[in-house]
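Chemist: Provided below: my_file_19.cif, containing mmCIF, N, CA and C atoms.
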data_input
#
loop_
_atom_site.label_atom_id
_atom_site.label_comp_id
_atom_site.auth_asym_id
_atom_site.auth_seq_id
_atom_site.Cartn_x
_atom_site.Cartn_y
_atom_site.Cartn_z
N MET V 1 0.85 -1.19 0.00
CA MET V 1 0.00 0.00 0.00
C MET V 1 0.88 1.25 0.00
N THR V 2 0.39 2.28 -0.67
CA THR V 2 1.12 3.55 -0.66
C THR V 2 0.77 4.31 0.60
N LYS V 3 1.46 5.41 0.80
CA LYS V 3 1.35 6.17 2.04
C LYS V 3 -0.08 6.63 2.33
N ASN V 4 -0.82 7.05 1.33
CA ASN V 4 -2.16 7.58 1.58
C ASN V 4 -3.28 6.56 1.37
N GLU V 5 -2.92 5.30 1.09
CA GLU V 5 -3.93 4.24 0.99
C GLU V 5 -4.26 3.74 2.39
N ARG V 6 -5.55 3.67 2.68
CA ARG V 6 -5.99 3.17 3.98
C ARG V 6 -6.28 1.68 3.94
N ASN V 7 -6.79 1.21 2.80
CA ASN V 7 -7.14 -0.20 2.66
C ASN V 7 -7.39 -0.49 1.18
N TYR V 8 -7.28 -1.75 0.80
CA TYR V 8 -7.63 -2.14 -0.56
C TYR V 8 -8.06 -3.59 -0.59
N MET V 9 -8.73 -3.94 -1.67
CA MET V 9 -9.09 -5.34 -1.94
C MET V 9 -8.95 -5.55 -3.44
N GLU V 10 -8.65 -6.79 -3.80
CA GLU V 10 -8.50 -7.10 -5.21
C GLU V 10 -8.98 -8.52 -5.45
N MET V 11 -9.67 -8.72 -6.57
CA MET V 11 -10.12 -10.05 -6.92
C MET V 11 -10.07 -10.21 -8.43
N THR V 12 -9.89 -11.45 -8.84
CA THR V 12 -9.86 -11.79 -10.26
C THR V 12 -10.80 -12.97 -10.46
N PHE V 13 -11.57 -12.93 -11.56
CA PHE V 13 -12.59 -13.94 -11.78
C PHE V 13 -12.87 -14.06 -13.27
N PRO V 14 -13.53 -15.15 -13.68
CA PRO V 14 -13.89 -15.33 -15.09
C PRO V 14 -14.99 -14.34 -15.51
N SER V 15 -15.00 -14.00 -16.77
CA SER V 15 -15.97 -13.02 -17.29
C SER V 15 -17.31 -13.67 -17.63
N ASN V 16 -17.94 -14.27 -16.64
CA ASN V 16 -19.28 -14.78 -16.90
C ASN V 16 -20.30 -13.89 -16.20
N GLU V 17 -21.53 -13.92 -16.67
CA GLU V 17 -22.56 -12.97 -16.24
C GLU V 17 -22.80 -12.94 -14.74
N ASP V 18 -22.77 -14.08 -14.09
CA ASP V 18 -23.03 -14.13 -12.65
C ASP V 18 -22.00 -13.34 -11.85
N ASN V 19 -20.79 -13.22 -12.36
CA ASN V 19 -19.74 -12.54 -11.61
C ASN V 19 -19.86 -11.03 -11.62
N GLY V 20 -20.64 -10.46 -12.53
CA GLY V 20 -20.88 -9.02 -12.50
C GLY V 20 -21.63 -8.61 -11.24
N ILE V 21 -22.64 -9.37 -10.90
CA ILE V 21 -23.40 -9.11 -9.68
C ILE V 21 -22.52 -9.36 -8.45
N PHE V 22 -21.79 -10.48 -8.47
CA PHE V 22 -20.90 -10.82 -7.37
C PHE V 22 -19.90 -9.70 -7.10
N ALA V 23 -19.22 -9.22 -8.14
CA ALA V 23 -18.21 -8.17 -7.99
C ALA V 23 -18.81 -6.89 -7.43
N SER V 24 -19.99 -6.53 -7.90
CA SER V 24 -20.61 -5.29 -7.42
C SER V 24 -20.96 -5.38 -5.94
N TYR V 25 -21.41 -6.53 -5.49
CA TYR V 25 -21.73 -6.70 -4.07
C TYR V 25 -20.47 -6.68 -3.20
N VAL V 26 -19.39 -7.28 -3.69
CA VAL V 26 -18.15 -7.29 -2.92
C VAL V 26 -17.61 -5.87 -2.75
N VAL V 27 -17.56 -5.10 -3.82
CA VAL V 27 -17.04 -3.73 -3.72
C VAL V 27 -17.96 -2.87 -2.88
N ARG V 28 -19.25 -3.05 -3.02
CA ARG V 28 -20.20 -2.29 -2.18
C ARG V 28 -19.97 -2.60 -0.71
N ALA V 29 -19.80 -3.86 -0.37
CA ALA V 29 -19.54 -4.24 1.02
C ALA V 29 -18.22 -3.64 1.51
N PHE V 30 -17.21 -3.66 0.66
CA PHE V 30 -15.91 -3.08 1.01
C PHE V 30 -16.04 -1.58 1.31
N ALA V 31 -16.88 -0.88 0.54
CA ALA V 31 -17.05 0.57 0.70
C ALA V 31 -17.78 0.95 1.98
N THR V 32 -18.44 0.01 2.62
CA THR V 32 -19.17 0.35 3.85
C THR V 32 -18.25 0.87 4.94
N GLN V 33 -16.97 0.50 4.92
CA GLN V 33 -16.05 0.99 5.94
C GLN V 33 -15.82 2.49 5.86
N LEU V 34 -16.24 3.12 4.76
CA LEU V 34 -16.17 4.57 4.63
C LEU V 34 -17.35 5.28 5.28
N GLY V 35 -18.33 4.51 5.74
CA GLY V 35 -19.54 5.12 6.27
C GLY V 35 -20.41 5.69 5.16
N ALA V 36 -20.32 5.10 3.98
CA ALA V 36 -21.08 5.59 2.83
C ALA V 36 -22.58 5.47 3.09
N THR V 37 -23.32 6.38 2.51
CA THR V 37 -24.77 6.34 2.60
C THR V 37 -25.31 5.21 1.72
N ILE V 38 -26.57 4.89 1.90
CA ILE V 38 -27.19 3.87 1.05
C ILE V 38 -27.15 4.29 -0.41
N ASP V 39 -27.38 5.58 -0.68
CA ASP V 39 -27.32 6.07 -2.07
C ASP V 39 -25.92 5.92 -2.65
N GLU V 40 -24.90 6.26 -1.87
CA GLU V 40 -23.52 6.13 -2.35
C GLU V 40 -23.18 4.66 -2.60
N LEU V 41 -23.60 3.78 -1.71
CA LEU V 41 -23.35 2.35 -1.90
C LEU V 41 -24.08 1.83 -3.13
N SER V 42 -25.28 2.32 -3.36
CA SER V 42 -26.04 1.92 -4.55
C SER V 42 -25.33 2.38 -5.82
N ASP V 43 -24.80 3.60 -5.80
CA ASP V 43 -24.06 4.13 -6.95
C ASP V 43 -22.82 3.28 -7.24
N ILE V 44 -22.09 2.91 -6.19
CA ILE V 44 -20.90 2.07 -6.34
C ILE V 44 -21.29 0.71 -6.92
N ASN V 45 -22.36 0.14 -6.40
CA ASN V 45 -22.86 -1.13 -6.90
C ASN V 45 -23.16 -1.02 -8.40
N THR V 46 -23.81 0.05 -8.80
CA THR V 46 -24.20 0.24 -10.20
C THR V 46 -22.99 0.36 -11.12
N VAL V 47 -21.99 1.16 -10.73
CA VAL V 47 -20.85 1.37 -11.63
C VAL V 47 -19.99 0.12 -11.76
N VAL V 48 -19.83 -0.62 -10.68
CA VAL V 48 -19.03 -1.85 -10.78
C VAL V 48 -19.76 -2.86 -11.65
N ARG V 49 -21.04 -3.00 -11.43
CA ARG V 49 -21.81 -3.95 -12.25
C ARG V 49 -21.77 -3.55 -13.72
N GLU V 50 -21.89 -2.27 -13.99
CA GLU V 50 -21.85 -1.78 -15.37
C GLU V 50 -20.49 -2.02 -16.00
N ALA V 51 -19.42 -1.73 -15.28
CA ALA V 51 -18.08 -1.91 -15.82
C ALA V 51 -17.79 -3.39 -16.11
N VAL V 52 -18.17 -4.27 -15.18
CA VAL V 52 -17.92 -5.70 -15.39
C VAL V 52 -18.81 -6.23 -16.51
N THR V 53 -20.05 -5.76 -16.59
CA THR V 53 -20.94 -6.16 -17.68
C THR V 53 -20.36 -5.74 -19.03
N ASN V 54 -19.75 -4.55 -19.09
CA ASN V 54 -19.10 -4.11 -20.33
C ASN V 54 -17.97 -5.05 -20.73
N VAL V 55 -17.19 -5.51 -19.75
CA VAL V 55 -16.13 -6.47 -20.05
C VAL V 55 -16.72 -7.73 -20.66
N ILE V 56 -17.76 -8.25 -20.03
CA ILE V 56 -18.38 -9.49 -20.50
C ILE V 56 -18.90 -9.33 -21.92
N ALA V 57 -19.56 -8.20 -22.19
CA ALA V 57 -20.19 -7.99 -23.50
C ALA V 57 -19.20 -7.62 -24.60
N HIS V 58 -18.17 -6.86 -24.24
CA HIS V 58 -17.31 -6.28 -25.28
C HIS V 58 -15.89 -6.84 -25.32
N ALA V 59 -15.27 -7.06 -24.18
CA ALA V 59 -13.87 -7.49 -24.17
C ALA V 59 -13.71 -8.94 -24.61
N TYR V 60 -14.67 -9.76 -24.20
CA TYR V 60 -14.62 -11.19 -24.52
C TYR V 60 -15.96 -11.61 -25.13
N PRO V 61 -16.32 -11.10 -26.30
CA PRO V 61 -17.66 -11.36 -26.84
C PRO V 61 -17.94 -12.84 -27.15
N ASP V 62 -16.92 -13.60 -27.49
CA ASP V 62 -17.15 -14.99 -27.90
C ASP V 62 -16.44 -16.00 -27.01
N THR V 63 -15.90 -15.55 -25.91
CA THR V 63 -15.15 -16.44 -25.04
C THR V 63 -15.21 -15.93 -23.60
N VAL V 64 -14.77 -16.74 -22.68
CA VAL V 64 -14.66 -16.33 -21.28
C VAL V 64 -13.21 -15.96 -21.02
N GLY V 65 -13.02 -14.78 -20.46
CA GLY V 65 -11.67 -14.31 -20.15
C GLY V 65 -11.55 -13.97 -18.68
N LYS V 66 -10.54 -13.20 -18.36
CA LYS V 66 -10.24 -12.85 -16.98
C LYS V 66 -10.58 -11.38 -16.72
N VAL V 67 -11.18 -11.12 -15.55
CA VAL V 67 -11.52 -9.76 -15.11
C VAL V 67 -10.88 -9.54 -13.75
N SER V 68 -10.31 -8.36 -13.54
CA SER V 68 -9.74 -8.00 -12.25
C SER V 68 -10.45 -6.74 -11.75
N VAL V 69 -10.81 -6.75 -10.48
CA VAL V 69 -11.41 -5.58 -9.84
C VAL V 69 -10.57 -5.27 -8.60
N ARG V 70 -10.12 -4.03 -8.51
CA ARG V 70 -9.38 -3.57 -7.34
C ARG V 70 -10.06 -2.31 -6.82
N ALA V 71 -10.36 -2.30 -5.54
CA ALA V 71 -10.93 -1.12 -4.89
C ALA V 71 -9.95 -0.66 -3.82
N THR V 72 -9.66 0.63 -3.82
CA THR V 72 -8.71 1.21 -2.87
C THR V 72 -9.40 2.36 -2.15
N ILE V 73 -9.23 2.39 -0.84
CA ILE V 73 -9.75 3.48 -0.03
C ILE V 73 -8.56 4.34 0.39
N PHE V 74 -8.68 5.65 0.14
CA PHE V 74 -7.62 6.60 0.45
C PHE V 74 -7.98 7.40 1.70
N ASP V 75 -6.96 8.00 2.31
CA ASP V 75 -7.15 8.75 3.55
C ASP V 75 -8.15 9.89 3.43
N ASP V 76 -8.33 10.45 2.25
CA ASP V 76 -9.24 11.58 2.07
C ASP V 76 -10.68 11.14 1.77
N ASN V 77 -11.03 9.90 2.19
CA ASN V 77 -12.37 9.34 2.02
C ASN V 77 -12.77 9.19 0.55
N VAL V 78 -11.79 8.86 -0.27
CA VAL V 78 -12.01 8.60 -1.68
C VAL V 78 -11.87 7.10 -1.92
N ILE V 79 -12.79 6.57 -2.71
CA ILE V 79 -12.66 5.19 -3.16
C ILE V 79 -12.30 5.22 -4.64
N GLU V 80 -11.34 4.40 -4.99
CA GLU V 80 -10.95 4.23 -6.38
C GLU V 80 -11.22 2.79 -6.76
N ILE V 81 -11.88 2.60 -7.89
CA ILE V 81 -12.25 1.26 -8.36
C ILE V 81 -11.65 1.09 -9.75
N LYS V 82 -10.84 0.05 -9.91
CA LYS V 82 -10.26 -0.27 -11.21
C LYS V 82 -10.82 -1.60 -11.68
N VAL V 83 -11.34 -1.59 -12.89
CA VAL V 83 -11.83 -2.81 -13.53
C VAL V 83 -10.96 -3.02 -14.76
N ARG V 84 -10.30 -4.19 -14.80
CA ARG V 84 -9.33 -4.45 -15.87
C ARG V 84 -9.65 -5.77 -16.56
N ASP V 85 -9.40 -5.78 -17.87
CA ASP V 85 -9.51 -7.02 -18.64
C ASP V 85 -8.32 -7.12 -19.57
N TRP V 86 -8.15 -8.29 -20.15
CA TRP V 86 -7.07 -8.58 -21.08
C TRP V 86 -7.66 -9.00 -22.43
N GLY V 87 -8.81 -8.41 -22.75
CA GLY V 87 -9.56 -8.79 -23.94
C GLY V 87 -9.15 -8.03 -25.18
N CYS V 88 -10.13 -7.79 -26.05
CA CYS V 88 -9.87 -7.22 -27.38
C CYS V 88 -9.51 -5.75 -27.36
N GLY V 89 -9.76 -5.05 -26.26
CA GLY V 89 -9.44 -3.63 -26.19
C GLY V 89 -10.46 -2.78 -26.93
N ILE V 90 -10.31 -1.47 -26.78
CA ILE V 90 -11.21 -0.51 -27.43
C ILE V 90 -10.39 0.26 -28.45
N GLU V 91 -10.82 0.20 -29.70
CA GLU V 91 -10.08 0.85 -30.77
C GLU V 91 -10.13 2.37 -30.66
N ASN V 92 -11.31 2.93 -30.33
CA ASN V 92 -11.48 4.38 -30.24
C ASN V 92 -12.21 4.70 -28.93
N VAL V 93 -11.45 5.02 -27.90
CA VAL V 93 -12.02 5.25 -26.56
C VAL V 93 -12.97 6.45 -26.57
N GLU V 94 -12.60 7.54 -27.24
CA GLU V 94 -13.49 8.72 -27.29
C GLU V 94 -14.85 8.37 -27.88
N LYS V 95 -14.85 7.63 -28.96
CA LYS V 95 -16.11 7.22 -29.59
C LYS V 95 -16.90 6.29 -28.67
N ALA V 96 -16.22 5.37 -28.02
CA ALA V 96 -16.88 4.42 -27.12
C ALA V 96 -17.53 5.11 -25.92
N ARG V 97 -17.00 6.27 -25.54
CA ARG V 97 -17.55 7.00 -24.39
C ARG V 97 -18.76 7.86 -24.75
N GLN V 98 -19.07 7.96 -26.03
CA GLN V 98 -20.23 8.75 -26.45
C GLN V 98 -21.52 8.02 -26.10
N PRO V 99 -22.51 8.74 -25.56
CA PRO V 99 -23.80 8.10 -25.24
C PRO V 99 -24.41 7.45 -26.48
N LEU V 100 -24.97 6.29 -26.29
CA LEU V 100 -25.69 5.49 -27.28
C LEU V 100 -24.79 4.77 -28.28
N PHE V 101 -23.46 4.92 -28.15
CA PHE V 101 -22.57 4.16 -29.02
C PHE V 101 -22.33 2.78 -28.42
N SER V 102 -22.45 1.75 -29.21
CA SER V 102 -22.17 0.39 -28.76
C SER V 102 -21.69 -0.46 -29.92
N THR V 103 -20.78 -1.37 -29.63
CA THR V 103 -20.33 -2.31 -30.64
C THR V 103 -21.14 -3.60 -30.59
N ALA V 104 -22.01 -3.73 -29.60
CA ALA V 104 -22.86 -4.92 -29.47
C ALA V 104 -24.30 -4.56 -29.82
N VAL V 105 -24.95 -5.43 -30.54
CA VAL V 105 -26.31 -5.17 -31.01
C VAL V 105 -27.31 -5.03 -29.87
N ASP V 106 -27.18 -5.83 -28.85
CA ASP V 106 -28.17 -5.87 -27.78
C ASP V 106 -27.83 -4.98 -26.59
N ARG V 107 -26.97 -3.96 -26.77
CA ARG V 107 -26.54 -3.07 -25.69
C ARG V 107 -27.05 -1.65 -25.95
N THR V 108 -27.24 -0.88 -24.88
CA THR V 108 -27.79 0.48 -25.01
C THR V 108 -26.73 1.52 -25.34
N GLY V 109 -25.47 1.24 -25.06
CA GLY V 109 -24.43 2.24 -25.29
C GLY V 109 -24.38 3.31 -24.23
N MET V 110 -24.88 3.00 -23.05
CA MET V 110 -24.91 3.99 -21.96
C MET V 110 -23.93 3.66 -20.82
N GLY V 111 -23.10 2.64 -20.98
CA GLY V 111 -22.22 2.20 -19.90
C GLY V 111 -21.33 3.28 -19.33
N PHE V 112 -20.53 3.93 -20.17
CA PHE V 112 -19.64 4.97 -19.67
C PHE V 112 -20.41 6.18 -19.17
N THR V 113 -21.52 6.50 -19.79
CA THR V 113 -22.35 7.61 -19.33
C THR V 113 -22.87 7.35 -17.91
N ILE V 114 -23.29 6.13 -17.66
CA ILE V 114 -23.76 5.76 -16.31
C ILE V 114 -22.61 5.88 -15.31
N MET V 115 -21.45 5.34 -15.66
CA MET V 115 -20.30 5.42 -14.76
C MET V 115 -19.94 6.87 -14.46
N GLU V 116 -19.93 7.71 -15.48
CA GLU V 116 -19.57 9.12 -15.31
C GLU V 116 -20.59 9.87 -14.47
N SER V 117 -21.85 9.47 -14.54
CA SER V 117 -22.87 10.19 -13.77
C SER V 117 -22.82 9.87 -12.27
N PHE V 118 -22.26 8.72 -11.90
CA PHE V 118 -22.22 8.33 -10.49
C PHE V 118 -20.86 8.53 -9.82
N MET V 119 -19.82 8.79 -10.61
CA MET V 119 -18.48 8.91 -10.05
C MET V 119 -17.94 10.32 -10.29
N ASP V 120 -16.93 10.73 -9.49
CA ASP V 120 -16.31 12.04 -9.68
C ASP V 120 -15.41 12.05 -10.91
N SER V 121 -14.77 10.92 -11.19
CA SER V 121 -13.94 10.84 -12.39
C SER V 121 -13.93 9.41 -12.93
N VAL V 122 -13.81 9.31 -14.25
CA VAL V 122 -13.72 8.02 -14.93
C VAL V 122 -12.62 8.15 -15.98
N LYS V 123 -11.61 7.29 -15.88
CA LYS V 123 -10.53 7.27 -16.88
C LYS V 123 -10.52 5.90 -17.54
N VAL V 124 -10.28 5.90 -18.84
CA VAL V 124 -10.26 4.66 -19.61
C VAL V 124 -8.94 4.58 -20.36
N ARG V 125 -8.22 3.49 -20.13
CA ARG V 125 -6.99 3.19 -20.87
C ARG V 125 -7.22 1.88 -21.61
N SER V 126 -6.91 1.86 -22.88
CA SER V 126 -7.15 0.65 -23.65
C SER V 126 -6.18 0.56 -24.82
N LYS V 127 -5.81 -0.69 -25.13
CA LYS V 127 -4.99 -0.97 -26.30
C LYS V 127 -5.63 -2.14 -27.02
N PRO V 128 -5.84 -1.99 -28.33
CA PRO V 128 -6.41 -3.10 -29.09
C PRO V 128 -5.60 -4.39 -28.89
N ASP V 129 -6.32 -5.47 -28.66
CA ASP V 129 -5.76 -6.81 -28.44
C ASP V 129 -4.95 -6.95 -27.16
N LYS V 130 -4.97 -5.95 -26.29
CA LYS V 130 -4.23 -6.01 -25.02
C LYS V 130 -5.14 -5.87 -23.82
N GLY V 131 -6.30 -5.20 -24.00
CA GLY V 131 -7.23 -5.05 -22.89
C GLY V 131 -7.50 -3.61 -22.53
N THR V 132 -8.32 -3.47 -21.47
CA THR V 132 -8.81 -2.17 -21.05
C THR V 132 -8.78 -2.08 -19.53
N THR V 133 -8.47 -0.89 -19.02
CA THR V 133 -8.59 -0.60 -17.60
C THR V 133 -9.46 0.64 -17.44
N VAL V 134 -10.52 0.50 -16.66
CA VAL V 134 -11.40 1.62 -16.33
C VAL V 134 -11.14 1.96 -14.86
N THR V 135 -10.75 3.21 -14.60
CA THR V 135 -10.46 3.68 -13.25
C THR V 135 -11.49 4.73 -12.86
N MET V 136 -12.23 4.45 -11.80
CA MET V 136 -13.30 5.35 -11.34
C MET V 136 -12.98 5.80 -9.92
N ARG V 137 -13.20 7.09 -9.64
CA ARG V 137 -12.95 7.63 -8.30
C ARG V 137 -14.16 8.41 -7.82
N ARG V 138 -14.38 8.32 -6.50
CA ARG V 138 -15.46 9.09 -5.89
C ARG V 138 -15.13 9.38 -4.44
N ARG V 139 -15.34 10.63 -4.05
CA ARG V 139 -15.22 11.01 -2.64
C ARG V 139 -16.53 10.66 -1.95
N ILE V 140 -16.43 9.97 -0.86
CA ILE V 140 -17.60 9.58 -0.09
C ILE V 140 -17.86 10.65 0.96
N SER V 141 -19.08 11.15 0.98
CA SER V 141 -19.40 12.29 1.84
C SER V 141 -19.55 11.91 3.31
N ALA V 142 -19.99 10.71 3.57
CA ALA V 142 -20.19 10.28 4.95
C ALA V 142 -18.85 10.08 5.63
N LYS V 143 -18.85 10.23 6.93
CA LYS V 143 -17.63 10.00 7.70
C LYS V 143 -17.51 8.52 8.02
N LYS V 144 -16.25 8.10 8.15
CA LYS V 144 -15.99 6.72 8.54
C LYS V 144 -16.63 6.46 9.90
N ILE V 145 -17.18 5.30 10.07
CA ILE V 145 -17.83 4.94 11.32
C ILE V 145 -16.84 5.15 12.45
N GLY V 146 -17.26 5.92 13.46
CA GLY V 146 -16.40 6.21 14.60
C GLY V 146 -15.67 7.53 14.49
N GLN V 147 -15.65 8.17 13.30
CA GLN V 147 -14.99 9.45 13.15
C GLN V 147 -15.88 10.55 13.70
N LYS V 148 -15.25 11.62 14.14
CA LYS V 148 -16.02 12.79 14.63
C LYS V 148 -16.03 13.87 13.57
#
For the file at hand, write its structure as structure tokens.

Modeler:
Amino acid sequence: MTKNERNYMEMTFPSNEDNGIFASYVVRAFATQLGATIDELSDINTVVREAVTNVIAHAYPDTVGKVSVRATIFDDNVIEIKVRDWGCGIENVEKARQPLFSTAVDRTGMGFTIMESFMDSVKVRSKPDKGTTVTMRRRISAKKIGQK
């Protein structure tokens, strides 16, 4: 851990549909140590599920691959969530971040828009045939349980 990291968790799992829900619940439970409100926890649940669902739909469209989720809590009551895959990557990140754009027929194209609406910042790094990392950060307004 770095100097300003208070805690972190990391998990890696196959990119199957059931694990999107699993990952979102694990990160939401991890965030409770920040004293997050129910709304903040719901937002965290939504963005993790959306990010992992994007991996399943886009990074590994015809196969099962590997997904990594790391959540870090910093001293300034910020949670950072990184969702990483080693799939096909995103050829044009700017275009992929536009509302209603999707490379999958059965998707709405709102994934990044949803993530951006619930988090303070969303960064996307991707290389074709190497994978994608989505890094999301949010300051939690509630105080840690026991803080004054």

Chemist: Name the residues that the PyMOL selection byres (((chain V and resi 4-8 and name CA) around 6) and name CA) pulls out of this structure, and write them as a list of chain:residue names.

Modeler: V:Met1, V:Thr2, V:Lys3, V:Met9, V:Ala71, V:Thr72, V:Ile73, V:Phe74, V:Asp75

Chemist: What do you get, as number ranges by chain, if you spell out every residue that the PyMOL selection byres ((chain V and resi 13-21) around 7) selects here?

Modeler: V: 11-12, 22-26, 48-50, 52-53, 55-56, 63-69

Chemist: Using DSSP on the backbone, list every residue of chain V that comes out as strand (DSSP E), and give them as number ranges by chain.

Modeler: V: 5-14, 66-74, 78-85, 121-127, 131-139

Chemist: What gap, in Å, lies between atom CA of Ala31 of chain V and atom CA of Phe118 of chain V?

Modeler: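 Atom CA of Phe118 of chain V lies 14.6 Å from atom CA of Ala31 of chain V.
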
Chemist: Identify all residues of chain V in helix (DSSP H, G or I) (DSSP on the backbone) and supply them as a ChimeraX atom specification.

Modeler: /V:17-34,38-59,93-96,111-118

Chemist: Taking (-14.9, 11.0, -3.2) in the file's own coordinates, collect the residues within 6.5 Å, counting all atoms listed in the file, and hand them back as a PyMOL selection string.

Modeler: chain V and resi 77-79+137-141

Chemist: Please, what distance in Å, to one decimal, runs between atom CA of Asn45 of chain V and atom CA of Gly89 of chain V?

Modeler: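 Pair atom CA of Asn45 of chain V / atom CA of Gly89 of chain V returns 23.6 Å.
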